[in-house]
Amino acid sequence: MQGRMWLAHYDPGVPALIDLPQLTLPDLLARSARQHPQAVAMTFYGRSISYRELDTLATRFAVALQAAGVIPGERLAIILPNVPQAVIGYYGALRAGAVVVLANPIAEAGSLARQISDSGAQTILALSMFYPLISAVREAGPVERVIFTNLKEFLPPSQRQLFTLLRQEREGHRVPDAEARQALWMAHMLGAPVAPAALPTLDPGRPAALLYTGGTTGEPRGVLHTHRSLVANALQVGAWVPDVRAGAERILAVLPFSHAYGMTACMNLAVALAGALILLPTFETLHVLHAIRRERPTIFPGVPPMYAAITDVRDVRRYRLSSLRACISGAAPLPIEVQESFERVTRARLIEGYGLTEAGPVTHANPLGGSGSGGYMGVPLPSTEARVVDPASGVELPIGQIGELLVRGPQVMQGYWGRPDETAEVIDSDGWLRTGDLVRMDARGMFQMIERRKEMIVAGRYNIYPRDVEEVLHEHPKVLEAAVAGVPRAEQVDLKAFVVLRQGERANADEIIAFLRERLSAYKVPAAVEFLDALPRSLIGKVLRRVLIERDQR
């Protein structure tokens with residue numbers, strides 16, 4: 001393996017290795033509650049909950065789960081957006097010894113049913129407004145118990161009254177009476193007297209969370225993480241932020257907790273730092289900007305479309321974005337144009353990072369101090385190793401050559417749930433995880449994302465990396481978002497660009513193609529351009545190229 005020359009790029013004070021304590025995720029919460037009991041743990045539309053209160057609520061929920069029959073090792077599915085109940089449910093279930101299954105709350109019923117069945121989850125925690133979805137899931141397979149909760153339960157009184165008047169009937173937040181009588185209700189569980197109970201002793205090596213991945217390329221697989229791997233990744237991300245202040249950071253939590261990125265870079269990071277979670281159930285640009293002006297976050301983990309949307313708002317500086325210190329972009333490559341525009345209009349530091357669900361998920365990031373490079377995914381985090389190998393032979397490649405990225409560190413998953421053969425295919429006996437991503441490491445030790453192997457386009461005798469074309473498309477002043485895919489034709493694969501224009505702009509395909517011809521080799525210029533109102537994306541913001549291709553084939 002090449003020497004760790006990337007350590008030279010670390011910001012002052014960032015360690016090469018983290019000190020990994022023998023703590024579980026609920027231990028992190030207990031530690032923050034003990035050291036910063038009055039610090040705000042989360043805010044939700046004006047209501048604040050302290051760390052002492054959050055710790056108490058998580059314990060109450062753990063005891064109630066135990067009384068309801070949940071046993072250590074049992075899988076408990078959480079189907080919630082970013083609301084206080086998601087945080088309480090997550091840490092409470094873990095404290096009871098359960099393994100949390102984090103499910104996408106906007107998934108279609110068939111996909112969700114397959115995940116519940118595959119995980120063997122016997123308990124579901126969900127919003128009452130998801131009753132039709134939960135009912136469909138239960139028809140597909142046995143679920144022993146359902147716990148419902150309601151959006152209004154943690155709203156401040158004024159907001160709760162408005163919610164009841166305007167939204168509850170219209171949006172279907174009611175469970176039928178017969179079903180409601182059979183279900184458990186989180187509010188009752190949290191409000192019941194706490195009987196003495198011996199909660200299980202947890203080991204850091206014990207399974208903690210099951211997340212499903214792979215949906216952009218095929219059937220999702222369950223990724224099993226232990227308490228140790230998730231604690232490690234939260235501490236690694238925290239160590240990456242210079243001058244981080246325990247008990248004082250405020251994290252904008254709009255990334256869904258049901259995805260590894262939101263779970264780690266928002267929820268677990270905040271708890272590890274005794275920071276405040278500013279909870280937003282969905283990303284709506286103006287709502288986010290109002291939250292930034294009102295709540296003054298210091299850390300904003302996000303994805304490129306979020307930052308692009310913010311830069312597209314007229315006179316965005318009026319929302320007083322000066323509180324932001326660290327904005328970390330992940331889940332998809334960050335276009336240089338988006339990065340530069342965001343930093344210019346907000347004066348905040350935006351860096352690109354890299355990760356995958358199988359690694360907690362964060363493995364790489366650019367330094368926040370400013371020595372990183374645009375277009376690079378950065379360098380390995382503390383206690384993380386990385387190398388670039390030939391995808392076929394596994395032989396390590398010289399600096400500068402494109403190959404598959406392998407990573408190793410304490411944040412790597414335990415394995416794929418119920419799939420030992422597939423686990424062995426991606427994690428070798430020395431602990432190296434094959435990412436399936438093509439990267440290049442330069443002489444400085446900086447890593448550049450080239451493309452996922454499965455998304456590289458083979459057109460004739462050329463290998464084309466979509467990001468190369470997408471970066472140029474983002475330079476066009478009328479283009480807000482763009483994606484490039486290889487569209488199968490009768491005897492060949494044609495390159496096609498899918499473009500979303502900025503609000504109020506007009507353009508035609510000839511204009512876009514002419515722009516690309518001036519800046520790219522002829523074989524990289526798409527044969528066609530299609531204009532869309534929006535790109536199809538996964539829950540976390542990855543462009544679903546397979547959906548673009550499927551639409552084109554209809």
# chains A, B, ... in the order shown; residues from 1 in each chain; ligands from 1
$ residues_around --residues "Arg419 (chain A)" --least-positions-apart "6" --cutoff "10 Å" --atoms "only C-alpha atoms" --output "list of chain:residue names"
A:Arg221, A:Gly222, A:Val223
$ select_by_dssp --residues "region 275-375 of chain A" --states "helix (DSSP H, G or I)" --output "PyMOL selection string"
chain A and resi 285-295+304-311+316-319+336-346+357-359
$ write_last_selection --atoms "N, CA and C atoms" --output "CSV table (one decimal), in the first residue's frame"
chain,number,residue,atom,x,y,z
A,285,THR,N,-36.7,24.1,0.0
A,285,THR,CA,-35.6,25.1,0.1
A,285,THR,C,-35.9,26.2,1.0
A,286,LEU,N,-37.1,26.8,0.8
A,286,LEU,CA,-37.4,28.0,1.6
A,286,LEU,C,-37.6,27.7,3.1
A,287,HIS,N,-38.2,26.5,3.4
A,287,HIS,CA,-38.3,26.1,4.8
A,287,HIS,C,-36.9,25.9,5.4
A,288,VAL,N,-36.0,25.3,4.6
A,288,VAL,CA,-34.6,25.1,5.1
A,288,VAL,C,-34.0,26.5,5.4
A,289,LEU,N,-34.1,27.4,4.5
A,289,LEU,CA,-33.5,28.7,4.7
A,289,LEU,C,-34.1,29.4,5.9
A,290,HIS,N,-35.4,29.3,6.1
A,290,HIS,CA,-36.0,29.9,7.3
A,290,HIS,C,-35.5,29.3,8.5
A,291,ALA,N,-35.3,27.9,8.5
A,291,ALA,CA,-34.7,27.2,9.7
A,291,ALA,C,-33.3,27.7,10.0
A,292,ILE,N,-32.5,27.9,8.9
A,292,ILE,CA,-31.1,28.4,9.1
A,292,ILE,C,-31.2,29.8,9.8
A,293,ARG,N,-32.0,30.6,9.3
A,293,ARG,CA,-32.1,32.0,9.9
A,293,ARG,C,-32.6,32.0,11.3
A,294,ARG,N,-33.5,31.1,11.6
A,294,ARG,CA,-34.1,31.0,12.9
A,294,ARG,C,-33.3,30.2,14.0
A,295,GLU,N,-32.7,29.1,13.5
A,295,GLU,CA,-32.0,28.2,14.5
A,295,GLU,C,-30.5,28.3,14.5
A,304,PRO,N,-25.6,17.3,-3.0
A,304,PRO,CA,-25.4,18.3,-4.0
A,304,PRO,C,-26.7,19.0,-4.4
A,305,PRO,N,-27.8,18.3,-4.6
A,305,PRO,CA,-29.1,19.0,-5.0
A,305,PRO,C,-29.5,20.0,-4.0
A,306,MET,N,-29.3,19.8,-2.7
A,306,MET,CA,-29.7,20.7,-1.7
A,306,MET,C,-28.9,22.0,-1.8
A,307,TYR,N,-27.6,21.9,-2.0
A,307,TYR,CA,-26.7,23.1,-2.1
A,307,TYR,C,-27.0,23.8,-3.4
A,308,ALA,N,-27.3,23.1,-4.5
A,308,ALA,CA,-27.7,23.7,-5.7
A,308,ALA,C,-29.0,24.5,-5.6
A,309,ALA,N,-29.9,23.9,-4.9
A,309,ALA,CA,-31.2,24.6,-4.7
A,309,ALA,C,-31.1,25.9,-3.9
A,310,ILE,N,-30.2,25.9,-2.9
A,310,ILE,CA,-30.0,27.1,-2.1
A,310,ILE,C,-29.3,28.2,-2.9
A,311,THR,N,-28.4,27.8,-3.7
A,311,THR,CA,-27.7,28.9,-4.5
A,311,THR,C,-28.6,29.5,-5.6
A,316,VAL,N,-30.2,35.1,-1.6
A,316,VAL,CA,-30.2,34.2,-0.5
A,316,VAL,C,-29.5,34.7,0.8
A,317,ARG,N,-28.7,35.7,0.6
A,317,ARG,CA,-27.9,36.2,1.8
A,317,ARG,C,-28.8,36.8,2.9
A,318,ARG,N,-30.0,37.1,2.5
A,318,ARG,CA,-30.9,37.7,3.5
A,318,ARG,C,-31.4,36.7,4.5
A,319,TYR,N,-31.1,35.5,4.3
A,319,TYR,CA,-31.4,34.4,5.3
A,319,TYR,C,-30.3,34.3,6.4
A,336,ILE,N,-18.2,21.0,-9.2
A,336,ILE,CA,-17.4,22.2,-8.8
A,336,ILE,C,-18.1,23.5,-8.9
A,337,GLU,N,-19.0,23.6,-9.9
A,337,GLU,CA,-19.8,24.8,-10.1
A,337,GLU,C,-20.7,25.0,-8.9
A,338,VAL,N,-21.3,23.9,-8.4
A,338,VAL,CA,-22.2,24.0,-7.3
A,338,VAL,C,-21.4,24.4,-6.0
A,339,GLN,N,-20.3,23.8,-5.8
A,339,GLN,CA,-19.4,24.1,-4.7
A,339,GLN,C,-19.0,25.6,-4.7
A,340,GLU,N,-18.5,26.1,-5.8
A,340,GLU,CA,-18.1,27.5,-5.9
A,340,GLU,C,-19.2,28.4,-5.7
A,341,SER,N,-20.4,28.2,-6.3
A,341,SER,CA,-21.5,29.0,-6.2
A,341,SER,C,-22.0,29.1,-4.8
A,342,PHE,N,-22.1,28.0,-4.1
A,342,PHE,CA,-22.6,27.9,-2.7
A,342,PHE,C,-21.7,28.7,-1.8
A,343,GLU,N,-20.4,28.5,-2.0
A,343,GLU,CA,-19.4,29.2,-1.1
A,343,GLU,C,-19.5,30.7,-1.4
A,344,ARG,N,-19.7,31.1,-2.6
A,344,ARG,CA,-19.7,32.5,-3.0
A,344,ARG,C,-20.9,33.2,-2.4
A,345,VAL,N,-22.1,32.6,-2.4
A,345,VAL,CA,-23.3,33.3,-2.0
A,345,VAL,C,-23.5,33.1,-0.5
A,346,THR,N,-22.9,32.1,0.2
A,346,THR,CA,-23.2,31.9,1.6
A,346,THR,C,-22.0,32.3,2.4
A,357,THR,N,-22.8,2.9,2.4
A,357,THR,CA,-23.5,2.3,3.5
A,357,THR,C,-22.7,1.2,4.2
A,358,GLU,N,-21.9,0.5,3.4
A,358,GLU,CA,-21.1,-0.6,4.0
A,358,GLU,C,-20.0,-0.1,4.9
A,359,ALA,N,-19.7,1.2,4.9
A,359,ALA,CA,-18.6,1.7,5.7
A,359,ALA,C,-19.1,2.8,6.6
$ residues_around --residues "Ala348 (chain A)" --least-positions-apart "4" --cutoff "9 Å" --atoms "only C-alpha atoms" --output "NGL selection string"
:A and (321-327 or 342-344)
$ residues_around --residues "Val194 (chain A)" --least-positions-apart "3" --cutoff "10 Å" --atoms "only C-alpha atoms" --output "tab-separated table (two decimals) with N, CA and C atoms, in the first residue's frame"
chain	number	residue	atom	x	y	z
A	59	THR	N	-34.92	5.84	27.65
A	59	THR	CA	-35.01	4.78	28.65
A	59	THR	C	-36.45	4.34	28.86
A	60	ARG	N	-37.37	5.32	28.93
A	60	ARG	CA	-38.79	4.97	29.07
A	60	ARG	C	-39.25	4.08	27.91
A	61	PHE	N	-38.82	4.44	26.69
A	61	PHE	CA	-39.24	3.64	25.54
A	61	PHE	C	-38.62	2.25	25.59
A	63	VAL	N	-37.81	0.50	28.26
A	63	VAL	CA	-38.53	-0.28	29.27
A	63	VAL	C	-39.90	-0.70	28.74
A	64	ALA	N	-40.58	0.20	28.05
A	64	ALA	CA	-41.89	-0.12	27.50
A	64	ALA	C	-41.80	-1.20	26.42
A	189	MET	N	-46.75	4.78	25.74
A	189	MET	CA	-45.56	4.07	26.23
A	189	MET	C	-44.60	5.03	26.94
A	190	LEU	N	-44.49	6.25	26.41
A	190	LEU	CA	-43.58	7.22	27.01
A	190	LEU	C	-44.19	7.85	28.26
A	191	GLY	N	-45.52	7.85	28.35
A	191	GLY	CA	-46.18	8.49	29.48
A	191	GLY	C	-46.50	7.57	30.63
A	197	ALA	N	-36.89	-2.13	35.87
A	197	ALA	CA	-36.60	-3.14	34.85
A	197	ALA	C	-35.10	-3.22	34.64
$ closest_atom_pairs --of "region 259-371 of chain A" --to "region 395-418 of chain A" --cutoff "10 Å" --atoms "only C-alpha atoms" --output "tab-separated table"
residue	atom	partner	partner_atom	distance
A:Gly355	CA	A:Val407	CA	10.0
A:Leu356	CA	A:Val412	CA	9.5
A:Thr357	CA	A:Met413	CA	8.2
A:Glu358	CA	A:Met413	CA	5.2
A:Ala359	CA	A:Val412	CA	4.2
A:Gly360	CA	A:Gln411	CA	5.3
A:Pro361	CA	A:Gln411	CA	7.6
A:Val362	CA	A:Gln411	CA	8.1
A:Thr363	CA	A:Val407	CA	7.6
A:His364	CA	A:Val407	CA	9.7
$ write_last_selection --atoms "C-alpha atoms" --output "PDB file, in the first residue's frame"
ATOM      1  CA  GLY A 355     -18.777   7.051   1.666  1.00  0.00           C
ATOM      2  CA  LEU A 356     -20.970   4.004   1.246  1.00  0.00           C
ATOM      3  CA  THR A 357     -23.491   2.320   3.513  1.00  0.00           C
ATOM      4  CA  GLU A 358     -21.143  -0.629   3.980  1.00  0.00           C
ATOM      5  CA  ALA A 359     -18.635   1.702   5.683  1.00  0.00           C
ATOM      6  CA  GLY A 360     -20.799   3.540   8.128  1.00  0.00           C
ATOM      7  CA  PRO A 361     -20.918   5.418   5.629  1.00  0.00           C
ATOM      8  CA  VAL A 362     -18.128   8.049   5.660  1.00  0.00           C
ATOM      9  CA  THR A 363     -14.577   7.112   4.634  1.00  0.00           C
ATOM     10  CA  HIS A 364     -13.161  10.219   2.894  1.00  0.00           C
TER      11      HIS A 364
END
$ closest_residue --among "A:Leu76, A:Ile450, A:Leu94, A:Val472" --to "Arg519 (chain A)" --atoms "only C-alpha atoms"
A:Val472
$ residues_around --residues "region 140-157 of chain A" --least-positions-apart "2" --cutoff "7 Å" --atoms "only C-alpha atoms" --output "JSON, numbers by chain"
{"A": [44, 45, 46, 47, 84, 113, 117, 122, 123, 124, 125, 126, 127, 128, 136, 137, 138, 159, 160, 161, 163, 183, 184, 185, 186, 187]}
$ write_last_selection --atoms "N, CA and C atoms" --output "tab-separated table (two decimals), in the first residue's frame"
chain	number	residue	atom	x	y	z
A	44	PHE	N	-37.72	21.07	17.25
A	44	PHE	CA	-38.70	20.65	16.24
A	44	PHE	C	-39.78	21.71	16.16
A	45	TYR	N	-39.68	22.57	15.15
A	45	TYR	CA	-40.65	23.64	14.91
A	45	TYR	C	-40.94	24.46	16.17
A	46	GLY	N	-39.88	24.78	16.89
A	46	GLY	CA	-40.01	25.65	18.04
A	46	GLY	C	-39.97	24.96	19.38
A	47	ARG	N	-40.10	23.66	19.43
A	47	ARG	CA	-40.00	22.94	20.70
A	47	ARG	C	-38.59	22.38	20.85
A	84	PRO	N	-38.86	13.99	16.36
A	84	PRO	CA	-38.27	13.57	17.64
A	84	PRO	C	-38.45	12.09	17.94
A	113	ALA	N	-42.17	-4.11	2.17
A	113	ALA	CA	-42.56	-5.44	2.65
A	113	ALA	C	-41.41	-6.43	2.49
A	117	SER	N	-39.66	-8.36	5.58
A	117	SER	CA	-39.59	-9.82	5.54
A	117	SER	C	-38.14	-10.31	5.62
A	122	GLN	N	-40.14	-7.94	13.78
A	122	GLN	CA	-41.41	-8.30	14.39
A	122	GLN	C	-42.16	-7.09	14.93
A	123	THR	N	-41.47	-5.94	14.97
A	123	THR	CA	-42.08	-4.72	15.50
A	123	THR	C	-41.84	-3.58	14.53
A	124	ILE	N	-42.84	-2.75	14.32
A	124	ILE	CA	-42.73	-1.57	13.46
A	124	ILE	C	-43.12	-0.34	14.27
A	125	LEU	N	-42.32	0.70	14.18
A	125	LEU	CA	-42.64	2.01	14.73
A	125	LEU	C	-42.86	2.95	13.56
A	126	ALA	N	-44.06	3.54	13.47
A	126	ALA	CA	-44.39	4.34	12.29
A	126	ALA	C	-45.36	5.46	12.64
A	127	LEU	N	-45.43	6.46	11.78
A	127	LEU	CA	-46.42	7.52	11.91
A	127	LEU	C	-47.81	6.97	11.62
A	128	SER	N	-48.79	7.51	12.30
A	128	SER	CA	-50.17	7.09	12.04
A	128	SER	C	-50.59	7.40	10.61
A	136	ALA	N	-50.57	-2.54	4.26
A	136	ALA	CA	-50.16	-3.32	3.09
A	136	ALA	C	-48.96	-4.20	3.43
A	137	VAL	N	-48.04	-3.69	4.22
A	137	VAL	CA	-46.86	-4.47	4.61
A	137	VAL	C	-47.28	-5.67	5.46
A	138	ARG	N	-48.22	-5.47	6.36
A	138	ARG	CA	-48.65	-6.56	7.25
A	138	ARG	C	-49.39	-7.65	6.47
A	159	GLN	N	-48.46	25.10	17.54
A	159	GLN	CA	-48.34	24.35	16.29
A	159	GLN	C	-49.21	23.10	16.32
A	160	ARG	N	-49.33	22.49	17.49
A	160	ARG	CA	-50.14	21.28	17.61
A	160	ARG	C	-51.61	21.58	17.32
A	161	GLN	N	-52.08	22.71	17.83
A	161	GLN	CA	-53.46	23.10	17.60
A	161	GLN	C	-53.71	23.36	16.13
A	163	PHE	N	-52.01	22.14	13.62
A	163	PHE	CA	-51.89	20.86	12.93
A	163	PHE	C	-53.23	20.11	12.99
A	183	ALA	N	-53.25	-1.64	18.30
A	183	ALA	CA	-51.87	-1.14	18.19
A	183	ALA	C	-51.36	-0.59	19.51
A	184	LEU	N	-50.06	-0.48	19.59
A	184	LEU	CA	-49.43	0.25	20.68
A	184	LEU	C	-49.24	1.70	20.24
A	185	TRP	N	-49.24	2.61	21.20
A	185	TRP	CA	-49.06	4.03	20.90
A	185	TRP	C	-47.87	4.56	21.67
A	186	MET	N	-46.95	5.16	20.94
A	186	MET	CA	-45.71	5.62	21.54
A	186	MET	C	-45.98	6.63	22.68
A	187	ALA	N	-46.96	7.50	22.48
A	187	ALA	CA	-47.26	8.49	23.51
A	187	ALA	C	-47.63	7.83	24.83
$ closest_residue --among "A:Leu252, A:Ala33, A:Ile134, A:Ile328" --to "Leu54 (chain A)" --atoms "only C-alpha atoms"
A:Ala33
$ closest_residue --among "A:His9, A:Arg502, A:Arg546, A:Arg75" --to "Arg314 (chain A)" --atoms "only C-alpha atoms"
A:Arg502
